[in-house]
Amino acid sequence: MFKRGDLILYGNTGVCRVKDIGTKDMPGAVKNQLYYTLEPLYQAGVIYTPVDCKVFMRPIISKEEANRLIDTIPAQEAEIFHSRVLSELSTHYEDCLKTHDCADLIEMTKSLYAKKQSVLSQKRKFGAVDDRFMRRAEDLLFGELAAALGIERGEVTSYITSRIGNEDYASGMM
């Protein structure tokens with residue numbers, strides 16, 4: 001069970017702070033059931049969720065783990081996934097997001113960035129499905145990295161650049 005003040009990853013919402021833990025007197029709430037009151041760090045609103053809900057929750061990664069992941073970026077290969085069937089593309093990307101793993105998000109983001117560079121160099125348009133999932137992966141990844149490192153979300157790219165010393169790799173994450 002998490003504690004008040006903990007930063008956690010909550011489903012596809014991203015990083016949330018546990019504001020409170022207790023029973024809720026509101027419509028639809030189960031009497032005597034414990035609920036987390038979660039405050040998303042990068043969007044407005046409040047989430048009330050049962051402590052034992054089926055939505056994926058885990059503590060955010062540590063600062064050390066964030067730095068270790070960033071250090072692996074140059075060595076990660078960007079394998080581009082192609083499909084003309086939009087449902088296959090969506091399923092492939094959704095499966096990656098469902099792992100809730102930062103290393104998978106780095107790989108997915110690098111892959112989509114490489115795909116974008118490839119299609120743009122051929123004077124073609126980057127697909128809407130690819131673009132939507134690239135932005136989603138970046139949001140989740142950069143949100144967790146920022147929270148773990150104790151920096152603003154907008155500073156993640158420059159942090160990556162300074163850490164690995166290569167602007168091309170960091171811009172490949174954008």
# chains A, B, ... in the order shown; residues from 1 in each chain; ligands from 1
>>> select_by_dssp(residues="chain A", states="strand (DSSP E)", output="list in words")
Leu7, Ile8, Leu9, Tyr10, Gly14, Val15, Cys16, Arg17, Val18, Lys19, Asp20, Ile21, Gly22, Tyr35, Tyr36, Thr37, Leu38, Glu39, Pro40, Ile47, Tyr48, Thr49, Pro50, Met57, Arg58 and Pro59 of chain A
>>> residues_around(residues="Asp101 (chain A)", least_positions_apart="2", cutoff="12 Å", atoms="only C-alpha atoms", output="ChimeraX atom specification")
/A:9,11-12,14,56-61,65-66,69,95-99,103-108,137,140-141,144-145
>>> residues_around(residues="Tyr10 (chain A)", least_positions_apart="2", cutoff="12 Å", atoms="only C-alpha atoms", output="JSON, numbers by chain")
{"A": [2, 6, 7, 8, 12, 13, 14, 15, 16, 17, 18, 36, 37, 38, 39, 40, 41, 47, 48, 49, 51, 53, 54, 55, 56, 57, 58, 59, 60, 98, 100, 140, 143, 144]}
>>> closest_residue(among="A:Ser62, A:Ser90, A:Thr109, A:Gln122", to="Asp139 (chain A)", atoms="only C-alpha atoms")
A:Thr109
>>> residues_around(residues="Ala114 (chain A)", least_positions_apart="2", cutoff="9 Å", atoms="only C-alpha atoms", output="ChimeraX atom specification")
/A:78-80,109-112,116-119,172
>>> closest_residue(among="A:Asp25, A:Asp20, A:Asp130, A:Glu138", to="Tyr93 (chain A)", atoms="only C-alpha atoms")
A:Asp130
>>> closest_residue(among="A:Met1, A:Cys102, A:Met26, A:Val129", to="His82 (chain A)", atoms="only C-alpha atoms")
A:Val129
>>> closest_residue(among="A:Leu120, A:Arg163, A:Glu64, A:Gly127", to="Ser83 (chain A)", atoms="only C-alpha atoms")
A:Gly127
